[in-house]
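Notes follow once the structure below has been shown.
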Amino acid sequence: MNMDSTNIKRQQKDYWTLDKQHVIHPYTNFEKFSDEGSVIYAKGKGHHIYDEQGRAYLDGIAGLWCVNIGHGNEEIAETMAEQSQKLAYYNTFEDASSRPMAELGEKLAEISPGALNHVFYGTGGSMGNDTAVKIAHYYFNLLGKPNKKKILSRDLAYHGSTYLAHAITGISSTHMSFDLPHQLVHYLTAPYTYRNQGDRTLEEFIDFLVDEMEEAIIKIGPDNIAMFFAEPIMGAGGVIVPPGDYHKRTHALCKKYDILYVSDEVVTAFGRLGKMVSSKDLFDVEPDMCVYAKGISSGYIPLGATMISDQIHQVISKPKKDNPYFSHGFTYSGHALSCQVGLKNIEILERDNFCGHVSKWGPYFEEELGKLSEYGIVGEVRGSHYMLALEYVQKKETKESFAPEVNIGKRVYHHAKQLGLIIRPIGNLNVLSPPLTYDQKAIDNTINILRESIERTIKDLIEEGLWQQ
């Protein structure tokens with residue numbers, strides 16, 4: 001069969017139907033999927049993505065917080081082809097490695113804060129957070145502290161959807177019917193100023209959050225708690241920016257009670273906030289572990305990394321008489337092709353000064369998006385740099401939310417998509433996390449489309465009797 005006939009057969013296929021018949025999508029709404037199916041995307045370039053019909057969309061979410069250097073980067077494609085011809089894959093168990101695996105380890109140690117000099121590779125953030133828990137439990141067992149197993153997380157935290165990472169995730173609506181191991185996790189109040197501050201001053205709110213954490217530690221018992229999971233800015237839970245010195249104070253509590261502080265930088269690292277890694281540079285915290293994914297390869301290939309401190313490594317790397325092996329690992333840990341892509345991606349981010357670009361245009365993006373708060377249904381605009389959200393409300397004065405069945409985030413999302421912009425709907429929110437290639441023109445276009453989308457949504461709500469001006 002020649003290439004032309006192969007292409008004709010592909011063009012004749014109904015991919016939309018094939019997808020509906022055979023593919024289970026992440027977070028599928030099964031009430032609508034059988035009728036609506038999925039959009040089949042064909043290609044991407046820069047900060048645009050194109051569907052099968054050739055229609056262009058501004059990718060306002062970078063795939064899913066991922067495509068930091070933009071779509072269709074030719075250097076990455078060439079790197080993948082070259083490394084595939086050299087060595088695409090070999091297992092990395094015990095006595096096998098590769099140049100990309102070693103070089104990326106050196107680079108990650110260089111950009112990571114403090115004593116985070118050791119890396120365990122996986123294929124994504126969920127796996128990275130699971131690895132962090134396993135290592136923490138193993139570490140404390142070797143120290144003769146076998147009761148230190150509990151995990152502190154937060155309401156609305158997102159740390160993944162593998163079995164354990166999903167339990168650490170504090171978005172309770174996603175837990176239904178999955179029988180997750182909740183006995184391991186204690187959820188603290190989210191540092192969600194807009195919803196949780198109440199009548200307190202900002203300082204009083206921070207005091208409340210820190211006091212609540214310390215009270216929980218004392219109640220559970222420090223000898224029973226292994227670790228605390230933090231996101232520098234909470235992502236899928238609503239782009240929640242912790243106030244003031246919240247991070248420094250929760251980190252200090254962890255040090256006080258011998259609890260490992262884990263910074264989940266799956267979303268926030270590699271330029272999204274204008275820094276390669278934000279824990280230290282933006283929030284003055286040196287974690288005991290740090291988890292990377294998404295922007296580490298700009299989504300071009302699955303890759304994740306769990307960084308651990310010298311202190312933890314010193315303990316877990318000592319040979320044990322009963323079992324000298326560190327019995328944890330995956331077929332694709334340290335995948336040579338993935339690591340080479342990660343190296344090239346970081347090289348591009350640094351060489352082309354993506355952090356400087358985001359630092360320059362992030363405040364402008366925030367300011368322009370903030371102007372949309374003039375609309376009656378926009379309760380708050382929040383976030384930082386290229387990680388932003390709009391929260392919609394029924395009544396601004398009381399912050400009363402729209403009923404779930406109104407699907408306010410989805411309504412704005414659908415209008416924006418019709419106008420050529422992809423944003424992310426999460427309940428009463430829309431999230432923006434575009435490629436870091438976004439320039440002033442892309443930002444202005446995004447704001448203009450969002451403005452029109454909100455105005456159309458307001459018109460729909462009024463016509464349906466769901467909102468009054």
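All residue names refer to the structure tokens as shown: chains lettered A, B, ... in order, residues numbered from 1 in each chain, ligands numbered from 1 in order.
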List as JSON, numbers by chain the protein and nucleic acid residues near Tyr121 (chain A), meaning an atom at most 7 Å away when only C-alpha atoms are counted, but skip any in the same chain fewer than 4 places from it.
{"A": [304, 305, 306, 333, 334]}
As a ChimeraX atom specification, which residues of region 96-313 of chain A does DSSP assign to strand (DSSP E)?
/A:116-122,150-154,185-188,225-230,260-264,289-292,304-309
Please identify the helix (DSSP H, G or I) residues within region 263-463 of chain A (assignment by DSSP from backbone atoms) and present them as an MDAnalysis selection string.
chainID A and resid 278:283 294:296 310:316 336:351 354:374 404:406 408:418 440:463
Shell around region 98-103 of chain A at 6 Å using only C-alpha atoms, local window under 4 positions removed, as a PyMOL selection string
chain A and resi 334+336+339-340
7 Å contact set for Thr123 (chain A), only C-alpha atoms, chain neighbours under 4 positions out, as a PyMOL selection string:
chain A and resi 127+302-304
For the selection just defined, write its residues with N, CA, C and O atoms to a file, as a PDB file, in the first residue's frame.
ATOM      1  N   MET A 127       2.367  10.162  39.742  1.00  0.00           N
ATOM      2  CA  MET A 127       3.401   9.183  40.078  1.00  0.00           C
ATOM      3  C   MET A 127       4.474   9.820  40.964  1.00  0.00           C
ATOM      4  O   MET A 127       4.980   9.191  41.900  1.00  0.00           O
ATOM      5  N   PRO A 302       5.795  12.277  28.238  1.00  0.00           N
ATOM      6  CA  PRO A 302       5.548  12.105  29.679  1.00  0.00           C
ATOM      7  C   PRO A 302       6.852  12.057  30.472  1.00  0.00           C
ATOM      8  O   PRO A 302       7.761  11.291  30.149  1.00  0.00           O
ATOM      9  N   LEU A 303       6.928  12.893  31.506  1.00  0.00           N
ATOM     10  CA  LEU A 303       8.115  12.933  32.356  1.00  0.00           C
ATOM     11  C   LEU A 303       7.740  13.577  33.682  1.00  0.00           C
ATOM     12  O   LEU A 303       7.019  14.567  33.721  1.00  0.00           O
ATOM     13  N   GLY A 304       8.201  12.979  34.759  1.00  0.00           N
ATOM     14  CA  GLY A 304       8.022  13.548  36.089  1.00  0.00           C
ATOM     15  C   GLY A 304       9.265  13.297  36.908  1.00  0.00           C
ATOM     16  O   GLY A 304      10.088  12.435  36.577  1.00  0.00           O
TER      17      GLY A 304
END
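Once Leu108 (chain A) and its same-chain neighbours fewer than 3 positions away are set aside, Glu103, Leu104, Gly105, Ile111, Ser112, Pro113, Leu116, Asn117, His118, Val119, Val277, Tyr292, Ile296, Ala305, Met307, Gly342, Leu343 and Ile346 of chain A remain within 10 Å of it when counting only C-alpha atoms.
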